[in-house]
Amino acid sequence: MSEPTFADFGVHPDICAALKDLGIVHPFPIQAMTLPVALGGHDIIGQAKTGTGKTLGFGIPILQRVATPTDAAYADLPKPGRPQALAVTPTRELAVQVARDLERAGARRGVRVLTVYGGRAYEPQVDALRKGVDVVVGTPGRLIDLAKQGHLDLSGARTVVLDEADEMLDLGFLPDVERILSMTPASRQTMLFSATMPGAVVALGRRYMSQPTHIRAVGDDQDDSKTVKAIEQFVYRAHAMDKVEMLSRILQARDRGLTMIFSRTKRTAARVADDLTERGFAAAAIHGDLGQGAREQAMRAFRHGKVDVLVATDVAARGIDVENVTHVINYQCPEDEKIYVHRIGRTGRAGNTGIAVTFVDWDDLPRWGLISKALDLGIPEPEETYSSSAQLYADLDIPEGTTGRLPKSSQTRAGLGAEQIEDLGETGKSSGRRGQGARGGHAPKRADSPPTRDSAPRSRTRRRTHGAAQGGGAA
DNA sequence: AAAAAAG
């Protein structure tokens, strides 16, 4: 009657122990379904909702199938620059995160994981490859570059994973991905993972696999909706001129933890972050026009709660896993239903609840119609909403009297601007001007009590996109 | 058309 553990699935004791160190004992459904097939070396197309454990679903098999110095077969295996496994991701930050997860889970096995991606100096990555590495995680451009220069040899990659596979097999990436796969052994194990897996992509993916098992974990939602039930979704008609005003009121909602705001363009992301900062919020932007250092600095500041608002393009829509993200706001309507699913999936992860808000302006109406239909959200056209609307305040639990500017008295968090964020930079070139303004790092509000499935359902009347009953403890 | 990914 007790829940199965990783050991029950034949996971190596060192990996079980490392997972236990991380507080992970019982496999999530996608992991339980994947492990028996993947540990046997078979190809897999794995689909599971956002935030339900896909990374370890392919990560554990990777780590387990890698030979380590204690294995007999190890002697002639690792040559410089010749990893035993490869994972490819569509963005650099996701590569960093996946590598971090693999490193943690593989720590006790002594698995050497290397992240390889552009925007960073070439030499350190070359040096690390030369020293020897078991698993490489990277983005396509730099992987190809390193392989072309002869620093990376993929002929020993027995296991290859395409994370966010539908994106990796999309037009923009396909040629690169094909090229990478062509450098790996034909006998490799191939695994494709994503929360969104259109039939056409599955069909395309099969071309690069041999007799793959298609695994679809329903998750613990016990339904066939494509979005996570624990994410409460709201949609408003918004006017461009009123959006920042609406935003800054939403950011003052009760029980707001970390918040991600998505825009469709880099310019808008930058502008919104500026606007919010000017209004007293602790916000950072992340998008592809920033240098890689600034991108990672923004991620770090957000993960550590030095800023509690991250304004992003779709560079951060997929895969990014930050604890305590309670709100996702689509400042601009996402392009399609896949991006919608991924964006809102930055919250409501690993059993937590979340709130997703989408602004739909006049131009977006047809687009939103398609999204709503594709996901079967079953909701009427979004209602006209203004920053001062009672509906907005009630839906999102915004205190009465809230205005569009953070009151001076509560600007403590905002006080830590550039200087403190800079302190997080790895170059450590802080100018020694710390200490003025806000003192000490302030934890983001309510960091101590993230909402979980077990927390009491909030009982206000609200307009929901999901018709189903209030989702508090649906477990 | 935009974003991402090599520089």
# chains A, B, ... in the order shown; residues from 1 in each chain; ligands from 1
$ closest_atom_pairs --of "chain A" --to "chain B" --cutoff "9 Å" --atoms "only C-alpha atoms (C1' of nucleotides)" --output "tab-separated table"
residue	atom	partner	partner_atom	distance
A:Pro90	CA	B:DA4	C1'	6.9
A:Thr91	CA	B:DA4	C1'	6.7
A:Arg92	CA	B:DA5	C1'	8.7
A:Gly118	CA	B:DA6	C1'	6.7
A:Gly119	CA	B:DA6	C1'	8.6
A:Thr139	CA	B:DA5	C1'	7.1
A:Pro140	CA	B:DA5	C1'	6.5
A:Gly141	CA	B:DA6	C1'	5.1
A:Arg142	CA	B:DA6	C1'	6.2
A:Ile144	CA	B:DA6	C1'	8.6
A:Asp145	CA	B:DA6	C1'	6.9
A:Gly172	CA	B:DA4	C1'	8.2
A:Phe173	CA	B:DA5	C1'	7.9
A:Arg264	CA	B:DA2	C1'	6.9
A:Thr265	CA	B:DA2	C1'	6.7
A:Lys266	CA	B:DA3	C1'	8.4
A:His287	CA	B:DA3	C1'	8.8
A:Gly288	CA	B:DA4	C1'	7.7
A:Thr313	CA	B:DA3	C1'	7.4
A:Asp314	CA	B:DA3	C1'	6.4
A:Val315	CA	B:DA4	C1'	6.7
A:Glu335	CA	B:DA2	C1'	8.9
$ residues_around --residues "Leu154 in chain A" --least-positions-apart "2" --cutoff "9 Å" --atoms "only C-alpha atoms (C1' of nucleotides)" --output "ChimeraX atom specification"
/A:81-86,147,152,156-158,180-181,183-185
$ residues_around --residues "Asp361 in chain A" --least-positions-apart "3" --cutoff "8 Å" --atoms "only C-alpha atoms (C1' of nucleotides)" --output "list in words"
Arg237, Ala238, His239, Ala240, Cys333, Asp364 and Leu365 of chain A
$ atom_distance --atom1 "CA of Ala270 in chain A" --atom2 "CA of Val357 in chain A"
19.6 Å
$ select_by_dssp --residues "range 62-255 of chain A" --states "alpha helix (DSSP H)" --output "PyMOL selection string"
chain A and resi 62-65+92-106+122-131+140-148+165-168+174-182+199-206+243-250
$ closest_residue --among "A:Pro69, A:Pro382, A:Gly319, A:Gly348" --to "Val96 in chain A" --atoms "only C-alpha atoms"
A:Gly319
$ residues_around --residues "Tyr340 in chain A" --least-positions-apart "4" --cutoff "9 Å" --atoms "only C-alpha atoms (C1' of nucleotides)" --output "list of chain:residue names"
A:Ala317, A:Asn330, A:Cys333, A:Pro334, A:Glu335, A:Asp336, A:Ile344, A:Gly345, A:Ile371
$ write_last_selection --atoms "N, CA, C and O atoms" --output "PDB file, in the first residue's frame"
ATOM      1  N   ALA A 317       9.522  30.964 -21.635  1.00  0.00           N
ATOM      2  CA  ALA A 317       8.194  30.350 -21.585  1.00  0.00           C
ATOM      3  C   ALA A 317       8.248  28.850 -21.316  1.00  0.00           C
ATOM      4  O   ALA A 317       7.359  28.287 -20.701  1.00  0.00           O
ATOM      5  N   ASN A 330       0.088  37.106 -18.833  1.00  0.00           N
ATOM      6  CA  ASN A 330       0.337  37.299 -20.250  1.00  0.00           C
ATOM      7  C   ASN A 330      -0.004  38.737 -20.610  1.00  0.00           C
ATOM      8  O   ASN A 330      -1.158  39.055 -20.902  1.00  0.00           O
ATOM      9  N   CYS A 333      -0.999  38.580 -25.440  1.00  0.00           N
ATOM     10  CA  CYS A 333      -1.547  37.259 -25.717  1.00  0.00           C
ATOM     11  C   CYS A 333      -0.488  36.388 -26.412  1.00  0.00           C
ATOM     12  O   CYS A 333       0.212  36.856 -27.299  1.00  0.00           O
ATOM     13  N   PRO A 334      -0.341  35.135 -25.977  1.00  0.00           N
ATOM     14  CA  PRO A 334       0.631  34.264 -26.638  1.00  0.00           C
ATOM     15  C   PRO A 334       0.208  33.958 -28.070  1.00  0.00           C
ATOM     16  O   PRO A 334      -0.957  34.075 -28.424  1.00  0.00           O
ATOM     17  N   GLU A 335       1.192  33.565 -28.839  1.00  0.00           N
ATOM     18  CA  GLU A 335       0.984  33.323 -30.264  1.00  0.00           C
ATOM     19  C   GLU A 335       0.016  32.170 -30.529  1.00  0.00           C
ATOM     20  O   GLU A 335      -0.857  32.270 -31.366  1.00  0.00           O
ATOM     21  N   ASP A 336       0.199  31.094 -29.800  1.00  0.00           N
ATOM     22  CA  ASP A 336      -0.662  29.931 -30.028  1.00  0.00           C
ATOM     23  C   ASP A 336      -0.881  29.170 -28.726  1.00  0.00           C
ATOM     24  O   ASP A 336      -0.350  29.549 -27.678  1.00  0.00           O
ATOM     25  N   ILE A 344       1.892  29.609 -18.926  1.00  0.00           N
ATOM     26  CA  ILE A 344       1.183  29.533 -17.645  1.00  0.00           C
ATOM     27  C   ILE A 344       1.716  28.390 -16.791  1.00  0.00           C
ATOM     28  O   ILE A 344       1.587  28.404 -15.568  1.00  0.00           O
ATOM     29  N   GLY A 345       2.374  27.452 -17.450  1.00  0.00           N
ATOM     30  CA  GLY A 345       2.958  26.322 -16.728  1.00  0.00           C
ATOM     31  C   GLY A 345       4.185  26.677 -15.910  1.00  0.00           C
ATOM     32  O   GLY A 345       4.770  25.811 -15.264  1.00  0.00           O
ATOM     33  N   ILE A 371      -6.848  29.916 -29.380  1.00  0.00           N
ATOM     34  CA  ILE A 371      -6.229  29.288 -28.212  1.00  0.00           C
ATOM     35  C   ILE A 371      -7.289  28.634 -27.336  1.00  0.00           C
ATOM     36  O   ILE A 371      -7.187  27.474 -26.943  1.00  0.00           O
TER      37      ILE A 371
END
$ atom_distance --atom1 "CA of Gly57 in chain A" --atom2 "CA of Gly106 in chain A"
13.6 Å
$ atom_distance --atom1 "CA of Leu94 in chain A" --atom2 "CA of Ser372 in chain A"
27.3 Å
$ select_by_dssp --residues "range 171-339 of chain A" --states "strand (DSSP E)" --output "ChimeraX atom specification"
/A:189-194,213-216,231-237,258-262,283-286,309-312,325-330
$ write_last_selection --atoms "N, CA, C and O atoms" --output "compact mmCIF listing (two decimals), in the first residue's frame"
# COMPACT_ATOMS: atom_id res chain seq x y z
N GLN A 189 19.90 5.47 -28.01
CA GLN A 189 18.55 5.59 -27.46
C GLN A 189 18.12 7.04 -27.60
O GLN A 189 18.85 7.95 -27.20
N THR A 190 16.95 7.27 -28.17
CA THR A 190 16.46 8.63 -28.38
C THR A 190 15.20 8.87 -27.57
O THR A 190 14.29 8.05 -27.58
N MET A 191 15.16 9.99 -26.86
CA MET A 191 13.97 10.31 -26.08
C MET A 191 13.51 11.74 -26.38
O MET A 191 14.31 12.68 -26.37
N LEU A 192 12.23 11.88 -26.66
CA LEU A 192 11.64 13.20 -26.90
C LEU A 192 10.68 13.52 -25.75
O LEU A 192 9.82 12.71 -25.42
N PHE A 193 10.83 14.70 -25.18
CA PHE A 193 9.95 15.07 -24.08
C PHE A 193 9.36 16.46 -24.27
O PHE A 193 10.06 17.38 -24.70
N SER A 194 8.09 16.60 -23.96
CA SER A 194 7.46 17.92 -23.94
C SER A 194 6.07 17.82 -23.31
O SER A 194 5.49 16.74 -23.23
N THR A 213 8.21 4.08 -27.73
CA THR A 213 7.01 3.93 -26.92
C THR A 213 6.47 5.33 -26.63
O THR A 213 7.21 6.20 -26.18
N HIS A 214 5.21 5.52 -26.92
CA HIS A 214 4.59 6.83 -26.67
C HIS A 214 3.98 6.81 -25.28
O HIS A 214 3.03 6.09 -25.02
N ILE A 215 4.55 7.60 -24.41
CA ILE A 215 4.08 7.62 -23.02
C ILE A 215 3.40 8.94 -22.72
O ILE A 215 3.99 10.02 -22.88
N ARG A 216 2.17 8.85 -22.32
CA ARG A 216 1.44 10.07 -21.96
C ARG A 216 0.97 9.95 -20.53
O ARG A 216 0.08 9.16 -20.22
N ILE A 231 -3.86 25.44 -11.82
CA ILE A 231 -3.64 26.82 -12.25
C ILE A 231 -5.00 27.45 -12.54
O ILE A 231 -5.71 27.01 -13.44
N GLU A 232 -5.32 28.46 -11.78
CA GLU A 232 -6.57 29.18 -12.02
C GLU A 232 -6.34 30.18 -13.14
O GLU A 232 -5.42 31.00 -13.07
N GLN A 233 -7.19 30.13 -14.15
CA GLN A 233 -6.95 30.97 -15.30
C GLN A 233 -7.98 32.08 -15.43
O GLN A 233 -9.18 31.84 -15.31
N PHE A 234 -7.50 33.29 -15.68
CA PHE A 234 -8.36 34.44 -15.89
C PHE A 234 -8.00 35.12 -17.20
O PHE A 234 -6.82 35.17 -17.58
N VAL A 235 -9.01 35.63 -17.86
CA VAL A 235 -8.77 36.33 -19.12
C VAL A 235 -9.52 37.65 -19.12
O VAL A 235 -10.71 37.69 -18.75
N TYR A 236 -8.86 38.72 -19.52
CA TYR A 236 -9.50 40.03 -19.56
C TYR A 236 -9.26 40.71 -20.89
O TYR A 236 -8.15 40.64 -21.42
N ARG A 237 -10.29 41.39 -21.37
CA ARG A 237 -10.06 42.33 -22.45
C ARG A 237 -9.34 43.52 -21.85
O ARG A 237 -9.78 44.08 -20.86
N LEU A 258 6.44 35.09 -6.34
CA LEU A 258 7.14 35.51 -7.54
C LEU A 258 6.16 35.52 -8.71
O LEU A 258 5.22 34.74 -8.77
N THR A 259 6.41 36.43 -9.63
CA THR A 259 5.49 36.63 -10.75
C THR A 259 6.26 36.74 -12.07
O THR A 259 7.24 37.47 -12.15
N MET A 260 5.79 36.00 -13.06
CA MET A 260 6.38 36.13 -14.39
C MET A 260 5.38 36.81 -15.32
O MET A 260 4.20 36.46 -15.35
N ILE A 261 5.89 37.80 -16.06
CA ILE A 261 5.06 38.52 -17.01
C ILE A 261 5.62 38.28 -18.41
O ILE A 261 6.82 38.45 -18.63
N PHE A 262 4.76 37.85 -19.32
CA PHE A 262 5.24 37.53 -20.67
C PHE A 262 4.76 38.53 -21.70
O PHE A 262 3.62 38.98 -21.69
N ALA A 283 11.55 44.67 -10.40
CA ALA A 283 11.37 43.88 -11.61
C ALA A 283 12.65 43.80 -12.42
O ALA A 283 13.47 44.72 -12.42
N ALA A 284 12.82 42.70 -13.12
CA ALA A 284 13.93 42.55 -14.06
C ALA A 284 13.36 42.02 -15.37
O ALA A 284 12.30 41.42 -15.39
N ALA A 285 14.10 42.26 -16.45
CA ALA A 285 13.67 41.77 -17.76
C ALA A 285 14.63 40.69 -18.23
O ALA A 285 15.80 40.68 -17.87
N ILE A 286 14.09 39.76 -19.00
CA ILE A 286 14.97 38.78 -19.67
C ILE A 286 14.47 38.56 -21.09
O ILE A 286 13.30 38.27 -21.31
N VAL A 309 9.54 40.12 -9.67
CA VAL A 309 8.84 40.19 -10.94
C VAL A 309 9.84 39.99 -12.07
O VAL A 309 10.86 40.69 -12.12
N LEU A 310 9.58 39.05 -12.94
CA LEU A 310 10.43 38.84 -14.10
C LEU A 310 9.60 39.05 -15.35
O LEU A 310 8.60 38.36 -15.57
N VAL A 311 10.01 40.02 -16.16
CA VAL A 311 9.30 40.30 -17.40
C VAL A 311 10.09 39.66 -18.54
O VAL A 311 11.26 39.97 -18.74
N ALA A 312 9.44 38.76 -19.27
CA ALA A 312 10.18 37.92 -20.20
C ALA A 312 9.50 37.81 -21.56
O ALA A 312 8.29 37.95 -21.69
N VAL A 325 6.69 30.61 -7.83
CA VAL A 325 6.02 31.48 -8.80
C VAL A 325 4.51 31.27 -8.63
O VAL A 325 4.00 30.21 -8.94
N THR A 326 3.85 32.28 -8.12
CA THR A 326 2.41 32.15 -7.85
C THR A 326 1.56 32.71 -8.97
O THR A 326 0.41 32.32 -9.15
N HIS A 327 2.12 33.68 -9.72
CA HIS A 327 1.34 34.35 -10.76
C HIS A 327 2.10 34.37 -12.09
O HIS A 327 3.30 34.64 -12.11
N VAL A 328 1.36 34.10 -13.15
CA VAL A 328 1.88 34.32 -14.50
C VAL A 328 0.92 35.26 -15.19
O VAL A 328 -0.30 35.06 -15.15
N ILE A 329 1.46 36.31 -15.80
CA ILE A 329 0.60 37.26 -16.48
C ILE A 329 1.01 37.39 -17.94
O ILE A 329 2.17 37.70 -18.25
N ASN A 330 0.09 37.11 -18.83
CA ASN A 330 0.34 37.30 -20.25
C ASN A 330 0.00 38.74 -20.61
O ASN A 330 -1.16 39.05 -20.90
